[in-house]
file coords.cif (mmCIF, C-alpha atoms)
data_structure
loop_
_atom_site.group_PDB
_atom_site.id
_atom_site.type_symbol
_atom_site.label_atom_id
_atom_site.label_comp_id
_atom_site.auth_asym_id
_atom_site.auth_seq_id
_atom_site.Cartn_x
_atom_site.Cartn_y
_atom_site.Cartn_z
ATOM 1 C CA MET A 1 46.046 -3.270 16.411
ATOM 2 C CA GLN A 2 49.186 -5.241 17.194
ATOM 3 C CA LEU A 3 51.659 -4.992 20.028
ATOM 4 C CA ASN A 4 55.049 -3.523 19.250
ATOM 5 C CA ASP A 5 58.335 -5.083 20.376
ATOM 6 C CA PHE A 6 58.460 -3.176 23.675
ATOM 7 C CA GLN A 7 54.848 -4.066 24.468
ATOM 8 C CA ASN A 8 55.534 -7.739 23.773
ATOM 9 C CA LYS A 9 58.478 -7.577 26.179
ATOM 10 C CA LEU A 10 56.384 -5.842 28.833
ATOM 11 C CA LEU A 11 53.598 -8.394 28.419
ATOM 12 C CA ALA A 12 56.052 -11.285 28.739
ATOM 13 C CA VAL A 13 57.574 -9.793 31.893
ATOM 14 C CA LEU A 14 54.171 -9.130 33.454
ATOM 15 C CA PHE A 15 53.013 -12.671 32.641
ATOM 16 C CA ALA A 16 56.156 -14.214 34.129
ATOM 17 C CA ALA A 17 56.026 -12.033 37.258
ATOM 18 C CA GLY A 18 52.515 -12.986 38.315
ATOM 19 C CA GLU A 19 52.444 -10.040 40.715
ATOM 20 C CA PRO A 20 52.317 -6.249 40.416
ATOM 21 C CA LEU A 21 55.475 -4.713 38.923
ATOM 22 C CA GLU A 22 56.442 -1.073 39.327
ATOM 23 C CA ALA A 23 56.474 0.872 36.069
ATOM 24 C CA SER A 24 59.811 2.455 37.033
ATOM 25 C CA ARG A 25 61.412 -0.983 37.362
ATOM 26 C CA MET A 26 60.189 -2.079 33.929
ATOM 27 C CA ALA A 27 61.195 1.259 32.394
ATOM 28 C CA GLU A 28 64.733 0.941 33.723
ATOM 29 C CA ALA A 29 65.089 -2.644 32.505
ATOM 30 C CA LEU A 30 63.899 -1.778 28.982
ATOM 31 C CA GLY A 31 65.656 1.580 28.709
ATOM 32 C CA LEU A 32 62.402 3.523 28.481
ATOM 33 C CA SER A 33 61.138 6.657 30.174
ATOM 34 C CA LEU A 34 58.456 6.319 32.815
ATOM 35 C CA SER A 35 55.880 8.093 30.632
ATOM 36 C CA GLU A 36 56.705 5.803 27.682
ATOM 37 C CA THR A 37 56.222 2.755 29.895
ATOM 38 C CA HIS A 38 52.847 3.996 31.165
ATOM 39 C CA GLY A 39 51.808 4.685 27.571
ATOM 40 C CA LEU A 40 52.853 1.239 26.370
ATOM 41 C CA CYS A 41 51.039 -0.433 29.269
ATOM 42 C CA ALA A 42 47.900 1.591 28.508
ATOM 43 C CA GLY A 43 48.110 0.325 24.927
ATOM 44 C CA ILE A 44 48.400 -3.279 26.120
ATOM 45 C CA GLY A 45 45.351 -2.786 28.333
ATOM 46 C CA ASP A 46 43.348 -1.288 25.472
ATOM 47 C CA LEU A 47 44.275 -4.182 23.170
ATOM 48 C CA LEU A 48 43.291 -6.797 25.735
ATOM 49 C CA ASP A 49 39.983 -4.997 26.333
ATOM 50 C CA GLY A 50 39.300 -4.573 22.619
ATOM 51 C CA GLU A 51 39.846 -8.222 21.834
ATOM 52 C CA ALA A 52 37.669 -9.396 24.731
ATOM 53 C CA SER A 53 40.668 -11.271 26.086
ATOM 54 C CA PRO A 54 40.248 -13.356 29.241
ATOM 55 C CA LEU A 55 43.197 -11.348 30.556
ATOM 56 C CA GLU A 56 43.315 -7.745 31.654
ATOM 57 C CA LEU A 57 46.104 -5.385 32.647
ATOM 58 C CA ARG A 58 45.330 -3.723 35.956
ATOM 59 C CA ARG A 59 47.026 -0.538 37.087
ATOM 60 C CA LEU A 60 47.634 -0.414 40.830
ATOM 61 C CA GLY A 61 49.091 2.975 41.654
ATOM 62 C CA ASP A 62 52.421 3.050 39.799
ATOM 63 C CA SER A 63 52.429 -0.714 39.248
ATOM 64 C CA TYR A 64 50.814 -3.043 36.741
ATOM 65 C CA GLN A 65 49.596 -6.626 37.011
ATOM 66 C CA LEU A 66 48.411 -9.050 34.342
ATOM 67 C CA CYS A 67 45.278 -10.794 35.669
ATOM 68 C CA ALA A 68 42.501 -13.097 34.573
ATOM 69 C CA ARG A 69 39.164 -11.307 34.380
ATOM 70 C CA ALA A 70 36.803 -11.791 37.304
ATOM 71 C CA GLU A 71 34.234 -13.771 35.303
ATOM 72 C CA TYR A 72 36.785 -16.578 34.867
ATOM 73 C CA ALA A 73 37.395 -16.956 38.620
ATOM 74 C CA PRO A 74 34.966 -19.897 39.092
ATOM 75 C CA VAL A 75 36.567 -22.082 36.401
ATOM 76 C CA ILE A 76 40.092 -21.134 37.507
ATOM 77 C CA ARG A 77 39.221 -22.035 41.085
ATOM 78 C CA GLN A 78 37.672 -25.327 39.960
ATOM 79 C CA VAL A 79 40.598 -26.369 37.769
ATOM 80 C CA LEU A 80 43.309 -25.307 40.199
ATOM 81 C CA GLU A 81 41.284 -26.459 43.204
ATOM 82 C CA LEU A 82 41.823 -23.153 44.911
ATOM 83 C CA LYS A 83 40.038 -22.677 48.194
ATOM 84 C CA ARG A 84 37.897 -19.605 48.512
ATOM 85 C CA ASN A 85 39.528 -17.164 50.911
ATOM 86 C CA ALA A 86 37.624 -16.617 54.126
ATOM 87 C CA PRO A 87 35.838 -13.267 53.942
ATOM 88 C CA LEU A 88 36.982 -10.476 56.205
ATOM 89 C CA SER A 89 35.013 -10.078 59.403
ATOM 90 C CA ALA A 90 32.958 -6.957 60.062
ATOM 91 C CA ALA A 91 35.589 -5.866 62.601
ATOM 92 C CA ALA A 92 38.389 -6.325 60.063
ATOM 93 C CA LEU A 93 36.512 -4.304 57.435
ATOM 94 C CA GLU A 94 35.870 -1.575 60.001
ATOM 95 C CA VAL A 95 39.555 -1.364 60.980
ATOM 96 C CA LEU A 96 40.585 -1.464 57.327
ATOM 97 C CA ALA A 97 38.251 1.445 56.558
ATOM 98 C CA VAL A 98 39.615 3.539 59.432
ATOM 99 C CA ILE A 99 43.182 2.929 58.262
ATOM 100 C CA ALA A 100 42.442 3.421 54.548
ATOM 101 C CA TYR A 101 40.699 6.764 55.005
ATOM 102 C CA ASN A 102 43.070 8.209 57.626
ATOM 103 C CA GLN A 103 46.484 6.657 56.951
ATOM 104 C CA PRO A 104 49.040 6.634 58.300
ATOM 105 C CA VAL A 105 47.439 6.003 61.694
ATOM 106 C CA THR A 106 48.379 4.240 64.912
ATOM 107 C CA ARG A 107 46.579 1.343 66.519
ATOM 108 C CA GLY A 108 45.637 3.759 69.307
ATOM 109 C CA PHE A 109 43.846 5.978 66.792
ATOM 110 C CA VAL A 110 41.934 2.995 65.408
ATOM 111 C CA GLU A 111 40.908 1.973 68.933
ATOM 112 C CA GLN A 112 39.775 5.498 69.815
ATOM 113 C CA VAL A 113 37.578 5.598 66.711
ATOM 114 C CA ARG A 114 36.128 2.102 67.256
ATOM 115 C CA GLY A 115 35.988 2.208 71.050
ATOM 116 C CA VAL A 116 37.372 -1.326 71.425
ATOM 117 C CA ASP A 117 40.749 -3.051 71.486
ATOM 118 C CA SER A 118 41.872 -3.616 67.903
ATOM 119 C CA SER A 119 45.339 -5.102 68.336
ATOM 120 C CA SER A 120 44.427 -8.603 67.123
ATOM 121 C CA VAL A 121 42.484 -7.252 64.136
ATOM 122 C CA VAL A 122 45.357 -4.980 63.083
ATOM 123 C CA ALA A 123 47.800 -7.890 63.470
ATOM 124 C CA SER A 124 45.527 -10.084 61.325
ATOM 125 C CA LEU A 125 45.366 -7.457 58.572
ATOM 126 C CA VAL A 126 49.167 -7.149 58.632
ATOM 127 C CA GLU A 127 49.444 -10.940 58.369
ATOM 128 C CA LYS A 128 47.064 -10.955 55.379
ATOM 129 C CA GLY A 129 49.229 -8.297 53.695
ATOM 130 C CA LEU A 130 46.432 -5.712 53.512
ATOM 131 C CA VAL A 131 48.091 -3.372 56.034
ATOM 132 C CA GLU A 132 51.745 -2.664 56.751
ATOM 133 C CA GLU A 133 53.862 -0.662 59.165
ATOM 134 C CA ALA A 134 54.657 2.841 57.949
ATOM 135 C CA GLY A 135 57.279 3.971 60.418
ATOM 136 C CA ARG A 136 56.645 5.700 63.721
ATOM 137 C CA MET A 137 54.560 8.769 64.468
ATOM 138 C CA GLU A 138 56.051 11.866 66.045
ATOM 139 C CA LEU A 139 53.899 11.402 69.154
ATOM 140 C CA PRO A 140 54.723 10.491 72.765
ATOM 141 C CA GLY A 141 56.045 6.930 72.824
ATOM 142 C CA ARG A 142 56.616 7.062 69.062
ATOM 143 C CA PRO A 143 53.827 4.564 68.234
ATOM 144 C CA ILE A 144 53.906 2.508 65.043
ATOM 145 C CA ALA A 145 51.832 3.900 62.185
ATOM 146 C CA TYR A 146 49.942 1.695 59.735
ATOM 147 C CA ARG A 147 48.899 2.133 56.112
ATOM 148 C CA THR A 148 47.269 0.013 53.430
ATOM 149 C CA THR A 149 49.324 -1.946 50.889
ATOM 150 C CA ALA A 150 49.298 -2.590 47.156
ATOM 151 C CA ALA A 151 47.572 -5.896 47.992
ATOM 152 C CA PHE A 152 44.723 -3.869 49.530
ATOM 153 C CA LEU A 153 44.323 -1.951 46.264
ATOM 154 C CA ARG A 154 44.432 -5.170 44.265
ATOM 155 C CA CYS A 155 41.903 -6.984 46.470
ATOM 156 C CA PHE A 156 39.411 -4.127 46.311
ATOM 157 C CA GLY A 157 39.986 -3.362 42.610
ATOM 158 C CA LEU A 158 41.337 0.145 43.202
ATOM 159 C CA GLU A 159 43.967 1.929 41.132
ATOM 160 C CA ASN A 160 44.863 4.240 44.016
ATOM 161 C CA LEU A 161 43.409 5.552 47.274
ATOM 162 C CA GLY A 162 41.680 8.347 45.377
ATOM 163 C CA ASP A 163 39.273 5.682 44.068
ATOM 164 C CA LEU A 164 37.878 5.089 47.563
ATOM 165 C CA PRO A 165 34.237 6.198 47.769
ATOM 166 C CA PRO A 166 33.678 9.456 49.665
ATOM 167 C CA VAL A 167 33.043 9.039 53.378
ATOM 168 C CA GLY A 168 29.341 9.207 54.204
ATOM 169 C CA GLU A 169 28.202 8.479 50.650
ATOM 170 C CA ASN A 170 24.667 7.027 50.490
ATOM 171 C CA ARG A 171 24.131 7.434 54.228
ATOM 172 C CA GLU A 172 20.474 8.256 54.715
ATOM 173 C CA ASP A 173 20.903 8.866 58.421
ATOM 174 C CA GLU A 174 23.781 11.307 57.988
ATOM 175 C CA ASP A 175 23.506 14.342 60.239
ATOM 176 C CA LEU A 176 23.989 17.330 57.957
ATOM 177 C CA SER A 177 24.791 19.563 60.923
ATOM 178 C CA GLY A 178 28.272 18.078 60.958
ATOM 179 C CA GLU A 179 27.962 17.121 64.631
ATOM 180 C CA GLU A 180 28.614 13.583 65.765
ATOM 181 C CA PRO A 181 25.696 11.751 67.468
ATOM 182 C CA ASP A 182 25.906 11.641 71.277
ATOM 183 C CA GLY A 183 28.567 9.224 72.460
ATOM 184 C CA GLN A 184 30.221 8.990 69.031
ATOM 185 C CA LEU A 185 33.872 9.906 68.573
ATOM 186 C CA SER A 186 34.771 11.735 65.373
ATOM 187 C CA PHE A 187 38.042 11.206 63.500
ATOM 188 C CA GLY A 188 39.093 14.746 64.446
ATOM 189 C CA ASP A 189 38.393 14.134 68.139
ATOM 190 C CA ALA A 190 40.350 10.896 68.036
ATOM 191 C CA MET A 191 43.349 12.592 66.431
ATOM 192 C CA GLU A 192 43.315 15.340 69.061
ATOM 193 C CA MET A 193 43.144 12.770 71.846
ATOM 194 C CA GLU A 194 46.012 10.846 70.291
ATOM 195 C CA GLU A 195 48.202 13.931 70.095
ATOM 196 C CA GLU A 196 47.459 14.688 73.741
ATOM 197 C CA GLY A 197 47.803 11.205 75.160
ATOM 198 C CA GLY A 198 49.757 9.126 72.640
ATOM 199 C CA ALA A 199 48.907 5.618 71.493
#
call {"tool": "encode", "arguments": {"input": "coords.cif", "output": "structure tokens"}}
result
Amino acid sequence: MQLNDFQNKLLAVLFAAGEPLEASRMAEALGLSLSETHGLCAGIGDLLDGEASPLELRRLGDSYQLCARAEYAPVIRQVLELKRNAPLSAAALEVLAVIAYNQPVTRGFVEQVRGVDSSSVVASLVEKGLVEEAGRMELPGRPIAYRTTAAFLRCFGLENLGDLPPVGENREDEDLSGEEPDGQLSFGDAMEMEEEGGA
């Protein structure tokens, strides 16, 4: 299987970009429909997979990114002398999970779920580009809402938020009664409190 002219153009653009590109943007530039562009990109991905290429085409929502496969990360890091990124702290992962599964949410909501101040953690996630502001909620004080970004999807290897594992999956201690353990605040309780008291 060989790439056609449009696929070669798409591949060249994706290589030169080095970051996710929206399918609609590429479609407009090449005079294609959105469905044609998705189809051509799927064909590029299949070809790269079929030829065991060191490159892969990742779909991130409605965007695509040309990437090196994960197994080549060590040699790429060694040659380019890239420093390994510091892993996210347990607190950061916790905040990220609350936002990812309930977005858009306010910092107040995150703090009600976690029970601790989360302002510095939220700010850190925004700085890392994993979380972004998503406008203001229609609540008293009009607090800022937060949501995850395309970088979040890329970092966790997700095509879209629907790929997130179900909440409570593989939890052996899960209470099947649906009641929260004593002293625990459920997401529903936190949302009700937020609506009553604001962020």
call {"tool": "residues_around", "arguments": {"input": "coords.cif", "residues": "A:Ser124", "least_positions_apart": "4", "cutoff": "12 Å", "atoms": "all atoms listed in the file", "output": "PyMOL selection string"}}
result
chain A and resi 88-89+91-93+95-96+118-120+128-132
call {"tool": "write_last_selection", "arguments": {"input": "coords.cif", "atoms": "C-alpha atoms", "output": "PDB file, in the coordinates of the input"}}
result
ATOM      1  CA  LEU A  88      36.982 -10.476  56.205  1.00  0.00           C
ATOM      2  CA  SER A  89      35.013 -10.078  59.403  1.00  0.00           C
ATOM      3  CA  ALA A  91      35.589  -5.866  62.601  1.00  0.00           C
ATOM      4  CA  ALA A  92      38.389  -6.325  60.063  1.00  0.00           C
ATOM      5  CA  LEU A  93      36.512  -4.304  57.435  1.00  0.00           C
ATOM      6  CA  VAL A  95      39.555  -1.364  60.980  1.00  0.00           C
ATOM      7  CA  LEU A  96      40.585  -1.464  57.327  1.00  0.00           C
ATOM      8  CA  SER A 118      41.872  -3.616  67.903  1.00  0.00           C
ATOM      9  CA  SER A 119      45.339  -5.102  68.336  1.00  0.00           C
ATOM     10  CA  SER A 120      44.427  -8.603  67.123  1.00  0.00           C
ATOM     11  CA  LYS A 128      47.064 -10.955  55.379  1.00  0.00           C
ATOM     12  CA  GLY A 129      49.229  -8.297  53.695  1.00  0.00           C
ATOM     13  CA  LEU A 130      46.432  -5.712  53.512  1.00  0.00           C
ATOM     14  CA  VAL A 131      48.091  -3.372  56.034  1.00  0.00           C
ATOM     15  CA  GLU A 132      51.745  -2.664  56.751  1.00  0.00           C
TER      16      GLU A 132
END
call {"tool": "residues_around", "arguments": {"input": "coords.cif", "residues": "stretch 55-65 of chain A", "least_positions_apart": "6", "cutoff": "8 Å", "atoms": "all atoms listed in the file", "output": "ChimeraX atom specification"}}
result
/A:14,18-24,41,44-45,48-49,150,153-154,158-160
call {"tool": "atom_distance", "arguments": {"input": "coords.cif", "atom1": "atom CA of A:Phe15", "atom2": "atom CA of A:Arg69"}}
result
14.0 Å
call {"tool": "resolve_selection", "arguments": {"input": "coords.cif", "expression": "the PyMOL selection byres ((chain A and resi 140-149) around 7)", "output": "ChimeraX atom specification"}}
result
/A:99-100,103-106,129-139,150-153,198-199
call {"tool": "residues_around", "arguments": {"input": "coords.cif", "residues": "A:Ala17", "least_positions_apart": "6", "cutoff": "12 Å", "atoms": "all atoms listed in the file", "output": "ChimeraX atom specification"}}
result
/A:10-11,26,64-67
call {"tool": "resolve_selection", "arguments": {"input": "coords.cif", "expression": "the PyMOL selection byres ((chain A and resi 70) around 12)", "output": "PDB file with C-alpha atoms, in the frame of the given file"}}
result
ATOM      1  CA  SER A  53      40.668 -11.271  26.086  1.00  0.00           C
ATOM      2  CA  PRO A  54      40.248 -13.356  29.241  1.00  0.00           C
ATOM      3  CA  LEU A  55      43.197 -11.348  30.556  1.00  0.00           C
ATOM      4  CA  GLU A  56      43.315  -7.745  31.654  1.00  0.00           C
ATOM      5  CA  ARG A  58      45.330  -3.723  35.956  1.00  0.00           C
ATOM      6  CA  CYS A  67      45.278 -10.794  35.669  1.00  0.00           C
ATOM      7  CA  ALA A  68      42.501 -13.097  34.573  1.00  0.00           C
ATOM      8  CA  ARG A  69      39.164 -11.307  34.380  1.00  0.00           C
ATOM      9  CA  GLU A  71      34.234 -13.771  35.303  1.00  0.00           C
ATOM     10  CA  TYR A  72      36.785 -16.578  34.867  1.00  0.00           C
ATOM     11  CA  ALA A  73      37.395 -16.956  38.620  1.00  0.00           C
ATOM     12  CA  PRO A  74      34.966 -19.897  39.092  1.00  0.00           C
ATOM     13  CA  VAL A  75      36.567 -22.082  36.401  1.00  0.00           C
ATOM     14  CA  ILE A  76      40.092 -21.134  37.507  1.00  0.00           C
ATOM     15  CA  ARG A  77      39.221 -22.035  41.085  1.00  0.00           C
ATOM     16  CA  CYS A 155      41.903  -6.984  46.470  1.00  0.00           C
ATOM     17  CA  GLY A 157      39.986  -3.362  42.610  1.00  0.00           C
TER      18      GLY A 157
END
call {"tool": "atom_distance", "arguments": {"input": "coords.cif", "atom1": "atom CA of A:Gly162", "atom2": "atom CA of A:Arg107"}}
result
22.8 Å
call {"tool": "residues_around", "arguments": {"input": "coords.cif", "residues": "A:Glu36", "least_positions_apart": "2", "cutoff": "12 Å", "atoms": "all atoms listed in the file", "output": "list in words"}}
result
Phe6, Gln7, Leu10, Ala23, Ser24, Met26, Ala27, Glu28, Leu30, Gly31, Leu32, Ser33, Leu34, His38, Gly39, Leu40, Cys41, Ala42 and Gly43 of chain A
call {"tool": "atom_distance", "arguments": {"input": "coords.cif", "atom1": "atom CA of A:Val113", "atom2": "atom CA of A:Leu125"}}
result
17.2 Å
call {"tool": "decode", "arguments": {"input": "coords.cif", "residues": "stretch 17-29 of chain A", "atoms": "all heavy atoms", "output": "tab-separated table (two decimals), in the first residue's frame"}}
result
chain	number	residue	atom	x	y	z
A	17	ALA	N	4.86	20.07	11.68
A	17	ALA	CA	4.18	20.72	12.81
A	17	ALA	C	4.79	20.29	14.14
A	17	ALA	O	5.04	21.12	15.02
A	17	ALA	CB	2.69	20.41	12.79
A	18	GLY	N	5.00	19.00	14.31
A	18	GLY	CA	5.56	18.52	15.57
A	18	GLY	C	4.61	18.59	16.75
A	18	GLY	O	5.00	18.33	17.88
A	19	GLU	N	3.39	18.96	16.52
A	19	GLU	CA	2.38	19.05	17.57
A	19	GLU	C	1.04	18.65	16.99
A	19	GLU	O	0.91	18.54	15.76
A	19	GLU	CB	2.31	20.46	18.15
A	19	GLU	CG	1.94	21.51	17.13
A	19	GLU	CD	1.96	22.93	17.70
A	19	GLU	OE1	2.67	23.17	18.70
A	19	GLU	OE2	1.28	23.79	17.14
A	20	PRO	N	0.03	18.40	17.83
A	20	PRO	CA	-1.27	18.00	17.29
A	20	PRO	C	-1.87	19.08	16.38
A	20	PRO	O	-1.78	20.28	16.68
A	20	PRO	CB	-2.14	17.81	18.54
A	20	PRO	CG	-1.17	17.58	19.64
A	20	PRO	CD	0.04	18.40	19.30
A	21	LEU	N	-2.43	18.65	15.25
A	21	LEU	CA	-3.10	19.57	14.33
A	21	LEU	C	-4.55	19.14	14.19
A	21	LEU	O	-4.84	17.95	14.04
A	21	LEU	CB	-2.44	19.53	12.95
A	21	LEU	CG	-1.11	20.25	12.78
A	21	LEU	CD1	-0.61	20.07	11.35
A	21	LEU	CD2	-1.24	21.72	13.10
A	22	GLU	N	-5.45	20.12	14.22
A	22	GLU	CA	-6.87	19.82	14.07
A	22	GLU	C	-7.16	19.35	12.65
A	22	GLU	O	-6.66	19.92	11.68
A	22	GLU	CB	-7.71	21.05	14.39
A	22	GLU	CG	-7.64	21.47	15.85
A	22	GLU	CD	-8.48	22.70	16.12
A	22	GLU	OE1	-9.05	23.26	15.17
A	22	GLU	OE2	-8.54	23.11	17.30
A	23	ALA	N	-7.98	18.32	12.54
A	23	ALA	CA	-8.35	17.79	11.23
A	23	ALA	C	-9.04	18.85	10.39
A	23	ALA	O	-8.82	18.93	9.18
A	23	ALA	CB	-9.25	16.57	11.40
A	24	SER	N	-9.85	19.70	11.02
A	24	SER	CA	-10.58	20.74	10.27
A	24	SER	C	-9.61	21.74	9.64
A	24	SER	O	-9.84	22.21	8.52
A	24	SER	CB	-11.55	21.48	11.20
A	24	SER	OG	-10.86	22.05	12.30
A	25	ARG	N	-8.53	22.03	10.33
A	25	ARG	CA	-7.52	22.97	9.81
A	25	ARG	C	-6.82	22.38	8.59
A	25	ARG	O	-6.59	23.05	7.59
A	25	ARG	CB	-6.53	23.28	10.92
A	25	ARG	CG	-5.50	24.33	10.58
A	25	ARG	CD	-4.67	24.65	11.80
A	25	ARG	NE	-3.53	25.47	11.47
A	25	ARG	CZ	-2.54	25.73	12.29
A	25	ARG	NH1	-2.55	25.23	13.50
A	25	ARG	NH2	-1.53	26.49	11.92
A	26	MET	N	-6.46	21.09	8.68
A	26	MET	CA	-5.80	20.44	7.54
A	26	MET	C	-6.76	20.29	6.37
A	26	MET	O	-6.37	20.48	5.21
A	26	MET	CB	-5.27	19.07	7.98
A	26	MET	CG	-4.14	19.15	9.00
A	26	MET	SD	-3.38	17.55	9.37
A	26	MET	CE	-4.68	16.74	10.31
A	27	ALA	N	-8.03	19.97	6.68
A	27	ALA	CA	-9.03	19.81	5.62
A	27	ALA	C	-9.21	21.11	4.84
A	27	ALA	O	-9.25	21.11	3.61
A	27	ALA	CB	-10.36	19.36	6.24
A	28	GLU	N	-9.29	22.21	5.57
A	28	GLU	CA	-9.48	23.51	4.92
A	28	GLU	C	-8.29	23.86	4.04
A	28	GLU	O	-8.44	24.33	2.91
A	28	GLU	CB	-9.67	24.59	5.99
A	28	GLU	CG	-9.96	25.96	5.42
A	28	GLU	CD	-10.18	27.02	6.49
A	28	GLU	OE1	-10.26	26.65	7.68
A	28	GLU	OE2	-10.27	28.20	6.13
A	29	ALA	N	-7.08	23.61	4.54
A	29	ALA	CA	-5.87	23.94	3.79
A	29	ALA	C	-5.74	23.12	2.50
A	29	ALA	O	-5.24	23.61	1.49
A	29	ALA	CB	-4.64	23.74	4.66
